[in-house]
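Asker: One file: model-v5.cif (mmCIF, C-alpha atoms).
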```cif
data_final
#
loop_
_atom_site.label_atom_id
_atom_site.label_comp_id
_atom_site.auth_asym_id
_atom_site.auth_seq_id
_atom_site.Cartn_x
_atom_site.Cartn_y
_atom_site.Cartn_z
CA MET A 1 -1.95 85.89 21.48
CA ILE A 2 -3.67 84.33 18.48
CA ASN A 3 -6.18 86.88 17.17
CA LEU A 4 -8.13 87.66 14.01
CA HIS A 5 -4.98 88.81 12.16
CA TRP A 6 -3.65 85.25 12.20
CA LEU A 7 -6.90 84.14 10.63
CA TYR A 8 -6.66 86.77 7.88
CA ILE A 9 -3.17 85.47 7.10
CA PHE A 10 -4.48 81.90 6.99
CA ALA A 11 -7.47 82.82 4.80
CA GLY A 12 -5.11 84.77 2.54
CA ALA A 13 -2.95 81.65 2.26
CA VAL A 14 -6.01 79.63 1.20
CA PHE A 15 -6.76 82.13 -1.58
CA ALA A 16 -3.07 82.14 -2.55
CA GLY A 17 -3.46 78.36 -2.86
CA PHE A 18 -6.45 78.88 -5.18
CA ALA A 19 -4.38 81.31 -7.27
CA ILE A 20 -1.48 78.84 -7.54
CA GLY A 21 -3.80 75.91 -8.21
CA SER A 22 -5.60 77.86 -10.96
CA ALA A 23 -2.33 78.93 -12.59
CA ARG A 24 -1.11 75.31 -12.53
CA ASP A 25 -4.11 74.06 -14.51
CA PRO A 26 -3.38 74.07 -18.26
CA SER A 27 -6.87 72.70 -19.03
CA ASN A 28 -8.36 76.08 -18.11
CA ALA A 29 -7.97 78.51 -21.03
CA LYS A 30 -8.63 81.50 -18.77
CA ARG A 31 -6.37 80.37 -15.96
CA TRP A 32 -4.50 83.68 -15.62
CA GLY A 33 -7.81 85.49 -15.04
CA ASN A 34 -8.63 83.07 -12.24
CA ALA A 35 -5.13 83.36 -10.77
CA ALA A 36 -5.40 87.18 -10.81
CA PHE A 37 -8.83 87.11 -9.17
CA TRP A 38 -7.79 84.86 -6.26
CA GLY A 39 -4.42 86.62 -6.09
CA LEU A 40 -6.12 90.00 -5.58
CA LEU A 41 -8.19 88.52 -2.77
CA THR A 42 -4.96 87.26 -1.20
CA VAL A 43 -3.54 90.80 -1.40
CA SER A 44 -6.69 92.17 0.21
CA LEU A 45 -6.51 89.69 3.10
CA TRP A 46 -2.77 90.02 3.68
CA PHE A 47 -2.18 93.71 3.04
CA GLY A 48 -5.67 95.27 3.24
CA ASP A 49 -4.65 97.18 6.39
CA PHE A 50 -1.84 98.94 4.51
CA LEU A 51 -3.75 99.73 1.32
CA GLY A 52 -6.08 102.34 2.78
CA ASP A 53 -9.69 102.89 1.73
CA SER A 54 -8.92 104.02 -1.84
CA GLY A 55 -6.45 101.18 -2.38
CA ASN A 56 -8.98 98.59 -1.23
CA GLY A 57 -11.67 100.27 -3.33
CA ILE A 58 -9.53 100.04 -6.47
CA LEU A 59 -8.82 96.39 -5.61
CA VAL A 60 -12.56 95.67 -5.43
CA LEU A 61 -13.13 97.44 -8.76
CA ALA A 62 -10.37 95.30 -10.28
CA LEU A 63 -12.15 92.17 -8.99
CA VAL A 64 -15.38 93.38 -10.60
CA ALA A 65 -13.53 94.14 -13.85
CA ILE A 66 -12.09 90.60 -13.98
CA ALA A 67 -15.49 89.00 -13.27
CA GLY A 68 -17.41 91.44 -15.47
CA THR A 69 -15.24 90.84 -18.54
CA HIS A 70 -15.81 87.07 -18.20
CA SER A 71 -12.13 86.46 -17.58
CA LEU A 72 -12.86 83.60 -15.18
CA GLY A 73 -12.98 80.05 -16.49
CA ARG A 74 -12.78 76.56 -15.14
CA GLY A 75 -10.56 73.62 -15.99
CA THR A 76 -11.32 69.95 -16.44
CA ARG A 77 -8.27 68.48 -14.76
CA GLU A 78 -8.75 66.28 -11.68
CA SER A 79 -6.06 65.06 -9.32
CA THR A 80 -7.47 61.52 -9.13
CA THR A 81 -9.43 59.47 -11.66
CA ALA A 82 -13.07 58.53 -11.23
CA GLU A 83 -12.02 54.88 -10.77
CA GLU A 84 -9.62 55.78 -7.97
CA ARG A 85 -12.34 57.73 -6.18
CA GLU A 86 -14.82 54.90 -6.67
CA ALA A 87 -12.37 52.41 -5.15
CA SER A 88 -11.57 54.72 -2.26
CA SER A 89 -15.22 55.32 -1.41
CA SER A 90 -16.25 51.66 -1.57
CA ARG A 91 -13.28 50.75 0.65
CA ARG A 92 -13.87 53.45 3.27
CA GLY A 93 -17.60 54.07 3.01
CA ASN A 94 -19.10 56.90 5.01
CA THR A 95 -16.01 57.33 7.17
CA LEU A 96 -14.79 59.52 4.30
CA PHE A 97 -17.05 62.26 5.68
CA LEU A 98 -15.28 62.28 9.05
CA PRO A 99 -12.62 64.88 8.14
CA ALA A 100 -15.40 67.27 7.08
CA LEU A 101 -17.07 66.82 10.47
CA VAL A 102 -13.79 67.47 12.28
CA ILE A 103 -14.08 71.17 11.33
CA PRO A 104 -17.40 72.11 12.98
CA PHE A 105 -16.66 69.71 15.83
CA THR A 106 -13.37 71.46 16.63
CA ALA A 107 -15.02 74.88 16.44
CA PHE A 108 -18.01 73.91 18.57
CA VAL A 109 -16.45 71.72 21.26
CA GLY A 110 -13.32 73.86 21.29
CA THR A 111 -15.33 77.02 22.01
CA LEU A 112 -17.17 75.31 24.87
CA LEU A 113 -13.92 73.92 26.31
CA PHE A 114 -12.28 77.31 25.99
CA ASN A 115 -15.06 79.07 27.85
CA TYR A 116 -15.39 76.57 30.70
CA THR A 117 -11.77 75.65 31.39
CA PRO A 118 -8.71 77.65 32.51
CA LEU A 119 -7.70 77.91 28.81
CA LYS A 120 -9.41 81.28 28.70
CA ALA A 121 -7.17 82.68 31.42
CA ALA A 122 -4.03 81.29 29.73
CA GLY A 123 -4.30 84.05 27.14
CA ILE A 124 -3.26 81.99 24.10
CA ILE A 125 -6.31 82.90 22.02
CA ASP A 126 -8.08 86.25 21.83
CA PRO A 127 -11.47 85.58 23.54
CA LYS A 128 -13.27 87.76 20.97
CA ALA A 129 -12.05 85.63 18.07
CA VAL A 130 -12.06 82.21 19.69
CA THR A 131 -14.78 80.54 17.57
CA LEU A 132 -13.15 81.69 14.35
CA VAL A 133 -9.63 80.77 15.44
CA LEU A 134 -10.87 77.29 16.36
CA LEU A 135 -12.71 77.03 13.03
CA GLY A 136 -9.39 77.71 11.30
CA THR A 137 -7.68 75.19 13.58
CA GLY A 138 -10.33 72.63 12.62
CA VAL A 139 -9.61 73.20 8.93
CA ILE A 140 -5.87 72.65 9.44
CA LEU A 141 -6.56 69.56 11.58
CA ALA A 142 -8.90 68.09 8.94
CA LEU A 143 -6.32 68.75 6.23
CA VAL A 144 -3.58 67.00 8.22
CA ILE A 145 -5.87 64.02 8.89
CA CYS A 146 -6.69 63.75 5.18
CA TYR A 147 -3.04 63.77 4.14
CA VAL A 148 -1.98 61.23 6.76
CA TRP A 149 -4.98 58.95 6.22
CA LEU A 150 -5.70 59.12 2.49
CA ARG A 151 -2.21 59.97 1.16
CA PRO A 152 -3.42 62.01 -1.82
CA PRO A 153 -0.99 63.52 -4.36
CA ALA A 154 1.03 66.37 -2.79
CA PHE A 155 -0.79 69.14 -4.64
CA ALA A 156 -4.28 67.63 -4.20
CA ALA A 157 -5.45 70.18 -1.62
CA VAL A 158 -4.41 73.15 -3.76
CA ASP A 159 -5.62 71.66 -7.05
CA GLU A 160 -8.97 70.36 -5.79
CA GLY A 161 -9.51 73.49 -3.68
CA SER A 162 -9.05 75.71 -6.69
CA ARG A 163 -11.25 73.43 -8.81
CA LEU A 164 -14.04 73.92 -6.28
CA ALA A 165 -13.33 77.66 -5.99
CA ASN A 166 -13.35 78.07 -9.77
CA SER A 167 -16.61 76.18 -10.17
CA ILE A 168 -18.21 78.61 -7.71
CA GLY A 169 -16.34 81.49 -9.35
CA TRP A 170 -16.97 85.12 -8.46
CA ALA A 171 -20.17 84.17 -6.59
CA MET A 172 -17.87 83.19 -3.73
CA VAL A 173 -17.33 86.86 -2.84
CA LEU A 174 -20.97 87.82 -3.45
CA PRO A 175 -21.87 87.85 0.29
CA GLN A 176 -18.97 90.23 1.03
CA MET A 177 -19.89 92.44 -1.93
CA LEU A 178 -23.54 92.64 -0.88
CA ALA A 179 -22.57 93.35 2.71
CA SER A 180 -20.36 96.21 1.48
CA LEU A 181 -23.28 97.50 -0.57
CA GLY A 182 -25.37 97.53 2.58
CA VAL A 183 -22.62 99.36 4.46
CA ILE A 184 -22.42 101.96 1.66
CA PHE A 185 -26.19 102.45 1.86
CA ALA A 186 -25.92 102.84 5.62
CA ALA A 187 -22.97 105.26 5.30
CA ALA A 188 -24.94 107.31 2.75
CA GLY A 189 -27.50 107.86 5.48
CA VAL A 190 -30.32 105.63 4.18
CA GLY A 191 -30.48 103.90 7.54
CA THR A 192 -30.56 107.02 9.68
CA THR A 193 -33.14 108.63 7.38
CA ILE A 194 -35.42 105.62 7.73
CA GLY A 195 -34.69 105.60 11.45
CA ALA A 196 -35.78 109.24 11.76
CA LEU A 197 -38.95 108.49 9.81
CA VAL A 198 -39.73 105.46 11.96
CA GLY A 199 -38.94 107.40 15.11
CA ALA A 200 -41.47 110.04 14.03
CA ILE A 201 -44.15 107.46 13.24
CA ILE A 202 -44.06 105.22 16.28
CA PRO A 203 -44.78 106.64 19.69
CA SER A 204 -41.76 106.00 21.90
CA GLY A 205 -42.31 103.02 24.16
CA SER A 206 -44.26 100.97 21.65
CA VAL A 207 -41.80 98.11 21.48
CA PHE A 208 -44.05 95.83 19.49
CA LEU A 209 -44.57 98.37 16.73
CA ALA A 210 -40.82 98.96 16.49
CA VAL A 211 -40.20 95.18 16.26
CA LEU A 212 -42.85 94.91 13.55
CA LEU A 213 -41.34 97.74 11.49
CA TYR A 214 -37.83 96.33 11.92
CA ALA A 215 -38.85 92.87 10.65
CA LEU A 216 -40.99 94.23 7.82
CA GLY A 217 -38.23 96.66 6.90
CA MET A 218 -35.79 93.75 6.61
CA VAL A 219 -38.27 91.94 4.36
CA VAL A 220 -38.93 94.95 2.11
CA PHE A 221 -35.26 95.90 1.74
CA THR A 222 -34.30 92.29 1.13
CA MET A 223 -36.95 92.01 -1.57
CA ILE A 224 -35.71 95.20 -3.23
CA MET A 225 -32.00 94.39 -3.05
CA GLY A 226 -32.40 90.65 -3.55
CA ASN A 227 -30.36 89.70 -0.51
CA ALA A 228 -30.69 89.98 3.26
CA PHE A 229 -26.95 90.64 3.60
CA ALA A 230 -27.34 94.02 1.93
CA ALA A 231 -30.47 94.89 3.89
CA PHE A 232 -29.08 94.13 7.34
CA PRO A 233 -26.60 97.02 7.80
CA VAL A 234 -29.31 99.47 6.65
CA MET A 235 -32.03 98.21 8.98
CA ALA A 236 -29.59 97.79 11.87
CA ALA A 237 -28.63 101.45 11.50
CA ALA A 238 -32.27 102.50 11.07
CA ILE A 239 -34.15 100.63 13.78
CA GLY A 240 -32.19 97.66 15.17
CA VAL A 241 -29.45 99.51 17.00
CA PRO A 242 -30.84 102.98 17.86
CA ILE A 243 -34.40 102.00 18.76
CA LEU A 244 -34.56 98.29 19.64
CA ILE A 245 -31.19 97.87 21.34
CA HIS A 246 -30.34 101.30 22.76
CA GLN A 247 -33.72 102.88 23.41
CA ASP A 248 -35.78 99.82 24.32
CA GLY A 249 -32.95 97.70 25.74
CA GLY A 250 -33.52 94.58 23.61
CA ASN A 251 -31.19 91.56 23.55
CA ALA A 252 -28.65 92.37 20.79
CA GLY A 253 -28.10 88.68 19.93
CA VAL A 254 -31.79 88.13 19.23
CA ILE A 255 -32.22 91.40 17.32
CA GLY A 256 -29.24 90.58 15.12
CA ALA A 257 -29.89 86.91 14.42
CA VAL A 258 -33.68 86.93 14.07
CA GLY A 259 -33.59 90.23 12.18
CA MET A 260 -31.41 88.57 9.56
CA LEU A 261 -33.71 85.53 9.46
CA SER A 262 -36.71 87.82 8.87
CA GLY A 263 -34.78 89.11 5.89
CA PHE A 264 -34.39 85.52 4.67
CA CYS A 265 -38.21 85.30 4.60
CA GLY A 266 -38.01 88.19 2.13
CA THR A 267 -35.42 86.28 0.08
CA LEU A 268 -37.99 83.52 -0.37
CA MET A 269 -40.49 85.95 -1.90
CA THR A 270 -38.43 88.05 -4.30
CA PRO A 271 -37.51 87.48 -7.94
CA MET A 272 -34.46 89.69 -7.25
CA ALA A 273 -32.85 86.70 -5.53
CA ALA A 274 -32.51 85.15 -8.97
CA ASN A 275 -29.93 82.57 -7.97
CA PHE A 276 -32.32 80.98 -5.46
CA ASN A 277 -35.70 81.62 -7.02
CA ILE A 278 -35.48 82.07 -10.79
CA VAL A 279 -32.60 79.83 -11.83
CA PRO A 280 -34.11 76.64 -10.30
CA ALA A 281 -37.45 77.38 -11.99
CA ALA A 282 -35.59 77.56 -15.29
CA LEU A 283 -33.57 74.42 -14.55
CA LEU A 284 -36.73 72.47 -13.70
CA GLU A 285 -38.38 73.87 -16.86
CA LEU A 286 -41.40 75.09 -14.92
CA LYS A 287 -44.03 76.83 -17.03
CA ASN A 288 -44.17 79.77 -14.66
CA GLN A 289 -40.77 81.33 -13.93
CA TYR A 290 -42.20 82.52 -10.61
CA GLY A 291 -43.44 79.01 -9.76
CA VAL A 292 -40.82 78.50 -7.07
CA ILE A 293 -41.58 81.84 -5.40
CA LYS A 294 -45.33 81.14 -5.46
CA LEU A 295 -44.76 77.93 -3.53
CA GLN A 296 -42.44 79.59 -1.06
CA ILE A 297 -44.76 82.43 -0.04
CA PRO A 298 -47.10 80.26 2.11
CA THR A 299 -44.04 79.16 4.09
CA ALA A 300 -42.38 82.57 4.20
CA ILE A 301 -45.34 84.46 5.69
CA PRO A 302 -46.04 82.20 8.71
CA LEU A 303 -42.29 82.00 9.24
CA LEU A 304 -42.08 85.78 9.24
CA ILE A 305 -44.87 85.95 11.83
CA ALA A 306 -43.00 83.37 13.92
CA ASN A 307 -39.84 85.47 13.64
CA ILE A 308 -41.65 88.61 14.77
CA VAL A 309 -43.03 86.75 17.80
CA ILE A 310 -39.55 85.39 18.60
CA LEU A 311 -38.05 88.87 18.26
CA TYR A 312 -40.64 90.31 20.59
CA ILE A 313 -40.58 87.58 23.23
CA ALA A 314 -36.93 86.50 23.23
CA GLY A 315 -35.63 89.99 22.58
CA PHE A 316 -37.53 91.78 25.30
CA HIS A 317 -39.17 89.35 27.71
CA LEU A 318 -36.54 86.68 28.47
CA MET B 1 -45.31 70.36 -8.61
CA SER B 2 -43.55 67.76 -6.47
CA ALA B 3 -40.24 68.69 -8.09
CA ALA B 4 -40.81 72.32 -7.14
CA THR B 5 -41.80 71.40 -3.59
CA ASP B 6 -38.68 69.33 -3.31
CA ASN B 7 -36.90 72.50 -4.33
CA VAL B 8 -38.60 74.55 -1.60
CA GLY B 9 -37.35 72.00 0.90
CA LEU B 10 -33.89 72.54 -0.50
CA PHE B 11 -34.07 76.29 0.07
CA PHE B 12 -35.01 75.69 3.64
CA GLY B 13 -31.80 73.82 4.11
CA GLU B 14 -30.26 77.18 3.25
CA ASP B 15 -32.61 79.09 5.53
CA ILE B 16 -32.12 76.79 8.49
CA PHE B 17 -28.39 76.34 8.04
CA LEU B 18 -26.65 78.75 10.39
CA ALA B 19 -24.54 80.07 7.54
CA ILE B 20 -21.41 81.26 9.21
CA ALA B 21 -21.14 84.12 6.71
CA SER B 22 -24.43 85.67 7.82
CA ILE B 23 -23.54 85.30 11.50
CA LEU B 24 -20.21 87.02 10.88
CA LEU B 25 -21.92 89.77 8.94
CA ILE B 26 -24.29 90.45 11.83
CA GLN B 27 -21.39 90.40 14.26
CA GLY B 28 -19.38 92.78 12.09
CA SER B 29 -22.22 95.25 11.52
CA LEU B 30 -23.16 95.39 15.19
CA ALA B 31 -19.49 95.76 16.17
CA SER B 32 -19.34 98.90 14.03
CA PHE B 33 -22.08 100.30 16.28
CA GLY B 34 -19.99 99.39 19.31
CA ILE B 35 -21.95 96.28 20.26
CA GLN B 36 -19.64 93.32 20.85
CA LEU B 37 -21.16 89.85 20.47
CA THR B 38 -19.71 86.39 20.00
CA PRO B 39 -20.90 84.23 17.06
CA PHE B 40 -22.24 81.89 19.71
CA GLN B 41 -24.66 84.43 21.18
CA LEU B 42 -26.01 85.00 17.67
CA SER B 43 -26.26 81.45 16.37
CA MET B 44 -27.99 80.41 19.60
CA TRP B 45 -30.87 82.76 18.80
CA ALA B 46 -31.20 81.44 15.26
CA ILE B 47 -32.31 78.06 16.63
CA PRO B 48 -35.95 78.96 17.52
CA SER B 49 -36.53 80.29 13.99
CA ALA B 50 -34.95 77.19 12.49
CA ILE B 51 -37.34 75.02 14.49
CA CYS B 52 -40.30 77.12 13.30
CA ALA B 53 -39.12 76.85 9.70
CA PHE B 54 -38.91 73.09 10.04
CA LEU B 55 -42.38 72.82 11.62
CA ILE B 56 -44.09 75.15 9.15
CA HIS B 57 -42.55 73.68 6.06
CA GLY B 58 -42.80 70.11 7.35
CA ALA B 59 -46.53 70.63 7.93
CA ARG B 60 -46.97 71.96 4.39
CA LEU B 61 -45.17 68.95 2.96
CA LEU B 62 -47.33 66.57 4.99
CA LEU B 63 -50.47 68.31 3.70
CA LEU B 64 -49.19 68.03 0.15
CA ASP B 65 -48.46 64.35 0.66
CA ARG B 66 -52.04 63.78 1.78
CA LYS B 67 -53.41 65.73 -1.14
CA LEU B 68 -51.35 63.70 -3.58
CA ALA B 69 -52.38 60.45 -1.92
CA ARG B 70 -56.06 61.39 -2.21
CA ARG B 71 -55.71 62.21 -5.90
CA LYS B 72 -54.59 58.65 -6.72
#
```
How does this structure look as structure tokens?

Answerer:
Amino acid sequence: MINLHWLYIFAGAVFAGFAIGSARDPSNAKRWGNAAFWGLLTVSLWFGDFLGDSGNGILVLALVAIAGTHSLGRGTRESTTAEEREASSSRRGNTLFLPALVIPFTAFVGTLLFNYTPLKAAGIIDPKAVTLVLLGTGVILALVICYVWLRPPAFAAVDEGSRLANSIGWAMVLPQMLASLGVIFAAAGVGTTIGALVGAIIPSGSVFLAVLLYALGMVVFTMIMGNAFAAFPVMAAAIGVPILIHQDGGNAGVIGAVGMLSGFCGTLMTPMAANFNIVPAALLELKNQYGVIKLQIPTAIPLLIANIVILYIAGFHL
Amino acid sequence: MSAATDNVGLFFGEDIFLAIASILLIQGSLASFGIQLTPFQLSMWAIPSAICAFLIHGARLLLLDRKLARRK
């Protein structure tokens, strides 16, 4: 049966490709730093199960050390020239975007087909991982289509993939890092402490109050930590799971998804989310470095109210 | 001002986009509490908020457009 482990091996192979592509690029003075960074991620995806908690922890610290000592660089080499790309795009026009659309299409239609045809009973794909397995399948399919159709140089996928990965740099693993931070907070008991506090404040049975505190908690924690990804595990442990889902019997899908989106409203209002809110203000040379946030607040607050209403209605009354 | 508003619109692309990473994070965190969900069940419930985001921010942009038109 194809399960998540296959996907970890595939994702590891992609990062191995980034490592090889980075090492192959002599125009990048720091190429060995990049190769080590992506190589470590490959190790984590392929052998993480065997490394144990301490081993994986050391691996993460090594990643931070590489990024923190500015050992990541980017090259200037490209696998095709600007003229070649110009010619290719004027010849093929917007059909060039088709391979990119193949990926979500495969994941989406594939999941529907899987669920409503006998495929599910055939037992080829683990039902719990089906969307992700099909996403991976879509990527492979798109890659094959590109090679057959466009006939790029043999190493184009690896070289261009690592060029993209290196231009994003360490920020690519930021979501995972922040999520781990949230998990550490939750493991340290921040979530359960808040949960106990909240449980003491709200009279049991007041669903609306619990929803309100959950959404506002997401906003406040997101504003403090700068990212909803870090806030989610904490608030899920505090209110989402014990009170809203278990005690009050709310719809877990709604609580999860809309809870996260309430956190995004917090992202719009905090200078801690520097990459979204402060950097653009600097790039646009605004006089007020908080100019972008100021404009986002009037959207964020009504949106937060809408999210609270959705949480309450869809989570408990549908 | 219009450049910054353009920028706000850009962020909402981010907010509306059902970033697969955030869906997976929700799925993973809830799974650690023993609640099994598929990405589908989660992304489905992100749609109402996305619609609200579009309406709220679209309305603000329309208002701004009017204001700018009046100023001329």

Asker: Let me know the residues the PyMOL selection byres ((chain A) within 8 of (chain B)) catches in the file above, as a ChimeraX atom specification.

Answerer: /A:128-129,131,175,179,229,232-233,236,241,252-254,256-258,260-261,264,276,280-281,284,291-292,295-296,299,302-303,306-307,310

Asker: Based on the selection just made, write C-alpha atoms of those residues as a PDB file, in the frame of the given file.

Answerer:
```pdb
ATOM      1  CA  LYS A 128     -13.270  87.760  20.970  1.00  0.00           C
ATOM      2  CA  ALA A 129     -12.050  85.630  18.070  1.00  0.00           C
ATOM      3  CA  THR A 131     -14.780  80.540  17.570  1.00  0.00           C
ATOM      4  CA  PRO A 175     -21.870  87.850   0.290  1.00  0.00           C
ATOM      5  CA  ALA A 179     -22.570  93.350   2.710  1.00  0.00           C
ATOM      6  CA  PHE A 229     -26.950  90.640   3.600  1.00  0.00           C
ATOM      7  CA  PHE A 232     -29.080  94.130   7.340  1.00  0.00           C
ATOM      8  CA  PRO A 233     -26.600  97.020   7.800  1.00  0.00           C
ATOM      9  CA  ALA A 236     -29.590  97.790  11.870  1.00  0.00           C
ATOM     10  CA  VAL A 241     -29.450  99.510  17.000  1.00  0.00           C
ATOM     11  CA  ALA A 252     -28.650  92.370  20.790  1.00  0.00           C
ATOM     12  CA  GLY A 253     -28.100  88.680  19.930  1.00  0.00           C
ATOM     13  CA  VAL A 254     -31.790  88.130  19.230  1.00  0.00           C
ATOM     14  CA  GLY A 256     -29.240  90.580  15.120  1.00  0.00           C
ATOM     15  CA  ALA A 257     -29.890  86.910  14.420  1.00  0.00           C
ATOM     16  CA  VAL A 258     -33.680  86.930  14.070  1.00  0.00           C
ATOM     17  CA  MET A 260     -31.410  88.570   9.560  1.00  0.00           C
ATOM     18  CA  LEU A 261     -33.710  85.530   9.460  1.00  0.00           C
ATOM     19  CA  PHE A 264     -34.390  85.520   4.670  1.00  0.00           C
ATOM     20  CA  PHE A 276     -32.320  80.980  -5.460  1.00  0.00           C
ATOM     21  CA  PRO A 280     -34.110  76.640 -10.300  1.00  0.00           C
ATOM     22  CA  ALA A 281     -37.450  77.380 -11.990  1.00  0.00           C
ATOM     23  CA  LEU A 284     -36.730  72.470 -13.700  1.00  0.00           C
ATOM     24  CA  GLY A 291     -43.440  79.010  -9.760  1.00  0.00           C
ATOM     25  CA  VAL A 292     -40.820  78.500  -7.070  1.00  0.00           C
ATOM     26  CA  LEU A 295     -44.760  77.930  -3.530  1.00  0.00           C
ATOM     27  CA  GLN A 296     -42.440  79.590  -1.060  1.00  0.00           C
ATOM     28  CA  THR A 299     -44.040  79.160   4.090  1.00  0.00           C
ATOM     29  CA  PRO A 302     -46.040  82.200   8.710  1.00  0.00           C
ATOM     30  CA  LEU A 303     -42.290  82.000   9.240  1.00  0.00           C
ATOM     31  CA  ALA A 306     -43.000  83.370  13.920  1.00  0.00           C
ATOM     32  CA  ASN A 307     -39.840  85.470  13.640  1.00  0.00           C
ATOM     33  CA  ILE A 310     -39.550  85.390  18.600  1.00  0.00           C
TER      34      ILE A 310
END
```

Asker: What does the distance from CA of Glu285 in chain A to CA of Arg71 in chain B come to in Å, to one decimal?

Answerer: 23.6 Å

Asker: Considering all atoms listed in the file, can you say which of A:Ile66, A:Ala237, A:Phe97, A:Ala36 comes closest to Gly189 in chain A?

Answerer: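 Closest to Gly189 in chain A, using all atoms listed in the file: A:Ala237.
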
Asker: Every residue with an atom at most 12 Å from (-12.4, 74.6, 6.7) (file coordinates; all atoms listed in the file) is what I'm after, so could you write them as a PyMOL selection string?

Answerer: (chain A and resi 7+10-11+14+99-107+132-144+157+161) or (chain B and resi 20)

Asker: Mind giving me the straight-line distance from CA of Tyr312 in chain A to CA of Gly259 in chain A in Å, one decimal?

Answerer: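 Atom-to-atom, CA of Tyr312 in chain A and CA of Gly259 in chain A are spaced 11.0 Å apart.
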
Asker: One decimal, in Å: what's the spacing between CA of Gly55 in chain A and CA of Leu40 in chain A?

Answerer: 11.6 Å

Asker: I'd like the residues picked by the PyMOL selection byres ((chain A and resi 126) around 8) written out as a VMD selection string, using the chain letters and numbers from the file.

Answerer: chain A and resid 1 to 4 123 to 125 127 to 130

Asker: Please write out, as lines of an AutoDock Vina configuration file, where the centre of an axis-aligned box around all listed atoms of range 22-34 of chain A lies and how long its edges are, in Å to one decimal, after adding 4 Å on each side.

Answerer:
```
center_x = -4.9
center_y = 79.1
center_z = -16.0
size_x = 15.5
size_y = 20.8
size_z = 18.1
```

Asker: Could you check which of A:Ala122, A:Ile224, A:Ala29, A:Leu213 is closest to His70 in chain A, using only C-alpha atoms?

Answerer: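 Counting only C-alpha atoms, the residue closest to His70 in chain A is A:Ala29.
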
Asker: Restricting the calculation to only C-alpha atoms: of A:Ser162, A:Thr267, A:Gln289, A:Thr222, which residue gets closest to Ala35 in chain A?

Answerer: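 The closest residue to Ala35 in chain A is A:Ser162.
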
Asker: Model the absent atoms of range 44-55 of chain B so that N, CA and C atoms are present, and write the result as a short mmCIF file (atom, residue, chain, number, x, y, z; two decimals), in the frame of the given file.

Answerer:
```
data_model
loop_
_atom_site.label_atom_id
_atom_site.label_comp_id
_atom_site.auth_asym_id
_atom_site.auth_seq_id
_atom_site.Cartn_x
_atom_site.Cartn_y
_atom_site.Cartn_z
N MET B 44 -27.06 80.98 18.63
CA MET B 44 -27.99 80.41 19.60
C MET B 44 -29.41 80.89 19.32
N TRP B 45 -29.54 82.19 18.98
CA TRP B 45 -30.87 82.76 18.80
C TRP B 45 -31.43 82.49 17.41
N ALA B 46 -30.66 81.84 16.56
CA ALA B 46 -31.20 81.44 15.26
C ALA B 46 -31.93 80.11 15.38
N ILE B 47 -31.72 79.40 16.49
CA ILE B 47 -32.31 78.06 16.63
C ILE B 47 -33.84 78.09 16.68
N PRO B 48 -34.48 78.97 17.49
CA PRO B 48 -35.95 78.96 17.52
C PRO B 48 -36.57 79.15 16.13
N SER B 49 -35.99 80.06 15.33
CA SER B 49 -36.53 80.29 13.99
C SER B 49 -36.35 79.05 13.11
N ALA B 50 -35.20 78.39 13.28
CA ALA B 50 -34.95 77.19 12.49
C ALA B 50 -35.99 76.13 12.81
N ILE B 51 -36.33 76.00 14.10
CA ILE B 51 -37.34 75.02 14.49
C ILE B 51 -38.68 75.39 13.86
N CYS B 52 -39.04 76.68 13.91
CA CYS B 52 -40.30 77.12 13.30
C CYS B 52 -40.31 76.82 11.81
N ALA B 53 -39.19 77.11 11.14
CA ALA B 53 -39.12 76.85 9.70
C ALA B 53 -39.37 75.39 9.42
N PHE B 54 -38.75 74.52 10.24
CA PHE B 54 -38.91 73.09 10.04
C PHE B 54 -40.37 72.68 10.25
N LEU B 55 -41.00 73.20 11.32
CA LEU B 55 -42.38 72.82 11.62
C LEU B 55 -43.32 73.30 10.51
#
```
